[in-house]
Structures are given as C-alpha cells and as structure tokens.
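Okay, structure first, notes after.
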Amino acid sequence: TLGYWKIRGLASAIRYQLAYSNVSFDQEVYEQGDGPEFDSSCWFDVKRDQGLTYPNLPYFKDGSLSLTESGAIQRYCAKKWCPELLCDDDAEMYGKAEMVSGVVNDIKAIFTSHTYLMGDGDKKKLADAVMSCFARIAKELSGSNFLIGDRICCADFVFVELVEMMEFVSDGEIFKAHPSLEAYRNRMFELPNMKEALEEEKKLTFNNKCGKINNGV
C-alpha cells in the first residue's frame, strides 16, 4: 500500500518503478483542502496512527513492514521485486547509480523550493531558474540510453518525472535546448507498463494545492 497526497509529487517515481517492476499495489490518498486555508487535517489527524516509525508522506506498507522516505521506498521495492535496478552486482555501476541519484535529488530540491517557497507562480521564471540544471545530464544522455549507461536504475524514475515537469513549466523549450532529454523521455515511456503509468499520472497535478505552479486551484 502506497500512501500519499492526491498529486504526482514524490510518489510518481515510486509508482513508475512499481509499474515497471510489474507490482500491483493499493493506494491511500490524502487530498489537501482548497485555499486559503489549504486544510491538511486528512493526513495530520491520522499520521500518528499509521504505525510508522518516522511518520511522513509518502509511506509504503508491505505486510508487517512500514517505510517512509521516498528513496528508501524505491530501494526496498527494487531489492524485493526488481533488484537489477540497484545495480549492486557491480561496484562501479552501483557507485554511478548512487552518484546520479544525488544529482537528480538536488535538481528535485530546486524545483520544490521554487514551487512552494520562492516562486511567484510564473512558469517562465521557474523554467529559467532550473534550465541550466539539466545541461550536464542532457550531455551525458546524448551518448547513453539511461542515466548510467544502458542499465536502468532507481534514479531514472525520479528523473523522467522531473523531465515531465520541466516540459510543462518550459512549454516544451527544454526539448529544444536539449533534444537528448526528449529522446530519453521517449525511451523511458516505451519501457514495459510505463506508458500506462504515465497516463495515470496525467490525471493528477504535479503539486499540492498550496503550491504556486500547477496546483489545481
């Protein structure tokens, strides 16, 4: 069971990965109230009752195990259902996978800060602020199928969702600046079950109602 807000947010990468791994799962969805209050009591009233060691969203429950932190959830799911995504059979590839995971999470953090804290809702300003963050990865992808070469890793599911959001905020300019990212996006969604997973994600907004961009308000 995956628990999260009724948005794409941090859960998209987990859902993509589970779909790719051919794992069926249930969802527990929490919907933030409309502004100006943006009531979140649907989650905060029950967060201490979920049996979570470190209560947070997203959470993942599998039998007697309950996890929070999106990275831990992804790695657990990979270890159990699709261990090749961890790339831990090869020290060099494992190191590269961990490295690129950090780089991708840094880009994600910049997006989040501009969307919820710093930005004013102007998509162009956000696109201009983060466009350069994609340049290095785009260059690497010009000669690779995926983030660390020909092998998929957990970070690919996080990054492809960032590319999706960047396409939205830049009105497609990201693909004009970095054609390798469009080719990468297309490759990712040609993988098993990924196209269907994307169609489900498109039913949701990227951010919560309190966010300044694509918040569904």
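Just so we're on the same page: first chain in the structure tokens is A, next is B, and so on; residues restart at 1 for each chain, and ligands are numbered from 1 in the order they show up.
Excluding Trp43 in chain A itself and same-chain residues fewer than 6 positions from it, the residues having an atom within 10 Å of it are A:Gly3, A:Tyr4, A:Trp5, A:Val29, A:Tyr30, A:Glu31, A:Gln32, A:Asn56, A:Leu57, counting only C-alpha atoms.
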Run DSSP on the backbone and give me the residues of range 55-137 of chain A it puts in strand (DSSP E), as a ChimeraX atom specification.
/A:59-62,65-68
Any chance you can output those residues with N, CA, C and O atoms as a CSV table (one decimal), in the first residue's frame?
chain,number,residue,atom,x,y,z
A,59,TYR,N,4.3,7.0,2.3
A,59,TYR,CA,4.7,5.9,3.1
A,59,TYR,C,4.4,4.6,2.2
A,59,TYR,O,3.6,4.7,1.3
A,60,PHE,N,5.0,3.5,2.6
A,60,PHE,CA,4.8,2.3,1.9
A,60,PHE,C,4.6,1.1,2.9
A,60,PHE,O,5.5,1.0,3.8
A,61,LYS,N,3.6,0.4,2.8
A,61,LYS,CA,3.3,-0.7,3.7
A,61,LYS,C,3.3,-2.0,2.9
A,61,LYS,O,2.6,-2.2,1.9
A,62,ASP,N,4.1,-3.0,3.4
A,62,ASP,CA,4.2,-4.3,2.7
A,62,ASP,C,4.2,-5.3,3.8
A,62,ASP,O,5.3,-5.5,4.5
A,65,LEU,N,5.9,-4.6,7.3
A,65,LEU,CA,6.9,-3.6,7.2
A,65,LEU,C,6.2,-2.3,6.8
A,65,LEU,O,5.3,-2.3,5.9
A,66,SER,N,6.6,-1.2,7.4
A,66,SER,CA,6.1,0.2,7.0
A,66,SER,C,7.3,1.1,6.9
A,66,SER,O,8.1,1.2,7.8
A,67,LEU,N,7.4,1.7,5.7
A,67,LEU,CA,8.5,2.6,5.4
A,67,LEU,C,8.1,4.0,5.1
A,67,LEU,O,7.0,4.2,4.5
A,68,THR,N,8.9,5.0,5.4
A,68,THR,CA,8.7,6.3,4.8
A,68,THR,C,10.1,6.7,4.2
A,68,THR,O,11.0,5.9,4.3
When you look at range 138-142 of chain A with a cut-off of 12 Å (counting only C-alpha atoms), what residues show up, excluding the ones that are within fewer than 6 positions of it in the same chain? I need them as a ChimeraX atom specification.
/A:100,104,131-132,148-150,156,159-160,163,174-185,187
Using the selection just defined, write its residues with N, CA and C atoms as a compact mmCIF listing (two decimals), in the first residue's frame.
# COMPACT_ATOMS: atom_id res chain seq x y z
N VAL A 100 24.42 9.59 -9.37
CA VAL A 100 23.42 10.27 -10.17
C VAL A 100 22.13 10.47 -9.39
N VAL A 104 20.25 14.05 -9.19
CA VAL A 104 18.83 14.19 -9.53
C VAL A 104 18.05 14.76 -8.35
N MET A 131 16.62 25.59 -15.79
CA MET A 131 17.03 25.05 -17.09
C MET A 131 18.48 24.58 -17.10
N SER A 132 19.36 25.39 -16.54
CA SER A 132 20.78 25.06 -16.57
C SER A 132 21.11 23.80 -15.78
N ILE A 148 22.89 6.01 -16.26
CA ILE A 148 24.24 5.48 -16.03
C ILE A 148 24.70 4.58 -17.17
N GLY A 149 24.09 4.74 -18.33
CA GLY A 149 24.50 3.95 -19.48
C GLY A 149 23.33 3.18 -20.05
N ASP A 150 23.52 1.88 -20.24
CA ASP A 150 22.48 1.06 -20.82
C ASP A 150 21.61 0.38 -19.77
N ASP A 156 16.36 6.81 -12.49
CA ASP A 156 15.73 7.09 -13.78
C ASP A 156 14.24 7.41 -13.61
N PHE A 159 14.08 10.98 -12.34
CA PHE A 159 14.50 11.99 -13.32
C PHE A 159 13.48 12.15 -14.44
N VAL A 160 12.90 11.06 -14.90
CA VAL A 160 11.95 11.20 -16.01
C VAL A 160 10.74 12.03 -15.59
N VAL A 163 11.81 15.59 -15.88
CA VAL A 163 11.75 16.00 -17.29
C VAL A 163 10.31 16.32 -17.68
N ILE A 174 12.52 22.95 -23.06
CA ILE A 174 13.60 22.08 -22.58
C ILE A 174 14.04 21.12 -23.67
N PHE A 175 13.10 20.67 -24.51
CA PHE A 175 13.45 19.72 -25.56
C PHE A 175 14.14 20.40 -26.74
N LYS A 176 13.85 21.68 -26.93
CA LYS A 176 14.56 22.43 -27.96
C LYS A 176 16.00 22.68 -27.54
N ALA A 177 16.18 22.97 -26.25
CA ALA A 177 17.53 23.21 -25.73
C ALA A 177 18.32 21.92 -25.60
N HIS A 178 17.63 20.83 -25.25
CA HIS A 178 18.32 19.56 -25.00
C HIS A 178 17.53 18.41 -25.64
N PRO A 179 17.69 18.19 -26.94
CA PRO A 179 16.95 17.11 -27.62
C PRO A 179 17.19 15.73 -27.00
N SER A 180 18.34 15.54 -26.37
CA SER A 180 18.62 14.23 -25.78
C SER A 180 17.65 13.91 -24.65
N LEU A 181 17.09 14.93 -24.01
CA LEU A 181 16.14 14.69 -22.93
C LEU A 181 14.80 14.20 -23.47
N GLU A 182 14.41 14.68 -24.64
CA GLU A 182 13.18 14.18 -25.25
C GLU A 182 13.34 12.73 -25.67
N ALA A 183 14.50 12.41 -26.24
CA ALA A 183 14.76 11.03 -26.64
C ALA A 183 14.77 10.11 -25.42
N TYR A 184 15.37 10.60 -24.35
CA TYR A 184 15.41 9.83 -23.09
C TYR A 184 14.00 9.62 -22.55
N ARG A 185 13.21 10.70 -22.52
CA ARG A 185 11.83 10.58 -22.05
C ARG A 185 11.07 9.54 -22.86
N ARG A 187 12.25 7.00 -24.53
CA ARG A 187 12.76 5.65 -24.22
C ARG A 187 12.16 5.15 -22.91
Using only C-alpha atoms, can you tell me which of A:Leu85, A:Lys212, A:Met194, A:Glu37 comes closest to Gly121 in chain A?
A:Lys212
As an exercise, work out the distance from CA of Leu204 in chain A to CA of Asp45 in chain A in Å and give it to one decimal place.
23.4 Å
Taking only range 79-151 of chain A into account, list the residues labelled alpha helix (DSSP H) by DSSP (computed from the backbone), as a PyMOL selection string.
chain A and resi 79-81+91-112+123-130+135-141
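Among the candidates A:Trp81, A:Phe146, A:Phe189, A:Tyr54, the residue lying nearest to Asn22 in chain A is A:Trp81 (atoms considered: only C-alpha atoms).
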Closest to Val103 in chain A among A:Cys42, A:Lys47, A:Ala135, A:Gln74, using only C-alpha atoms?
A:Ala135
Which one of A:Ser144, A:Asn193, A:Ala127, A:Ile152 sits closest to Asp171 in chain A if you count only C-alpha atoms?
A:Ala127
Selection near Cys82 in chain A, 12 Å with only C-alpha atoms, sequence-local residues under 3 positions removed, as a list in words
Gln17, Leu18, Ala19, Tyr20, Ser21, Asn22, Val23, Gln74, Arg75, Tyr76, Cys77, Ala78, Lys79, Leu85, Leu86, Cys87, Asp88, Ile152, Cys153 and Cys154 of chain A
Residues of the last selection are to be written out with N, CA and C atoms, as a tab-separated table (two decimals), in the first residue's frame.
chain	number	residue	atom	x	y	z
A	17	GLN	N	8.16	3.03	-10.90
A	17	GLN	CA	9.02	1.89	-10.63
A	17	GLN	C	8.22	0.63	-10.35
A	18	LEU	N	7.16	0.75	-9.58
A	18	LEU	CA	6.32	-0.41	-9.29
A	18	LEU	C	5.65	-0.93	-10.56
A	19	ALA	N	5.21	-0.01	-11.42
A	19	ALA	CA	4.60	-0.42	-12.69
A	19	ALA	C	5.62	-1.16	-13.55
A	20	TYR	N	6.82	-0.59	-13.67
A	20	TYR	CA	7.88	-1.22	-14.45
A	20	TYR	C	8.22	-2.61	-13.89
A	21	SER	N	8.18	-2.73	-12.56
A	21	SER	CA	8.50	-3.99	-11.90
A	21	SER	C	7.33	-4.96	-11.90
A	22	ASN	N	6.21	-4.54	-12.50
A	22	ASN	CA	5.01	-5.36	-12.60
A	22	ASN	C	4.46	-5.75	-11.23
A	23	VAL	N	4.44	-4.78	-10.33
A	23	VAL	CA	3.94	-4.99	-8.97
A	23	VAL	C	2.60	-4.27	-8.81
A	74	GLN	N	11.85	3.32	-2.70
A	74	GLN	CA	12.28	2.85	-4.02
A	74	GLN	C	13.30	1.73	-3.92
A	75	ARG	N	14.27	1.90	-3.04
A	75	ARG	CA	15.33	0.88	-2.93
A	75	ARG	C	14.79	-0.43	-2.35
A	76	TYR	N	13.87	-0.31	-1.40
A	76	TYR	CA	13.25	-1.52	-0.85
A	76	TYR	C	12.49	-2.27	-1.95
A	77	CYS	N	11.67	-1.53	-2.70
A	77	CYS	CA	10.89	-2.16	-3.77
A	77	CYS	C	11.79	-2.77	-4.83
A	78	ALA	N	12.90	-2.10	-5.11
A	78	ALA	CA	13.84	-2.65	-6.08
A	78	ALA	C	14.46	-3.94	-5.54
A	79	LYS	N	14.90	-3.91	-4.30
A	79	LYS	CA	15.53	-5.08	-3.69
A	79	LYS	C	14.60	-6.29	-3.70
A	85	LEU	N	17.64	-2.99	-10.60
A	85	LEU	CA	17.58	-1.52	-10.55
A	85	LEU	C	18.58	-0.94	-9.56
A	86	LEU	N	19.03	-1.74	-8.61
A	86	LEU	CA	20.01	-1.27	-7.63
A	86	LEU	C	21.42	-1.25	-8.18
A	87	CYS	N	21.65	-2.03	-9.23
A	87	CYS	CA	22.98	-2.11	-9.87
A	87	CYS	C	24.06	-2.51	-8.87
A	88	ASP	N	23.70	-3.24	-7.81
A	88	ASP	CA	24.68	-3.56	-6.77
A	88	ASP	C	25.45	-4.85	-7.04
A	152	ILE	N	19.08	0.59	-16.40
A	152	ILE	CA	18.15	1.47	-15.69
A	152	ILE	C	18.44	1.37	-14.20
A	153	CYS	N	18.34	2.48	-13.51
A	153	CYS	CA	18.47	2.48	-12.05
A	153	CYS	C	17.29	3.23	-11.45
A	154	CYS	N	17.16	3.19	-10.15
A	154	CYS	CA	16.03	3.82	-9.47
A	154	CYS	C	15.91	5.30	-9.81
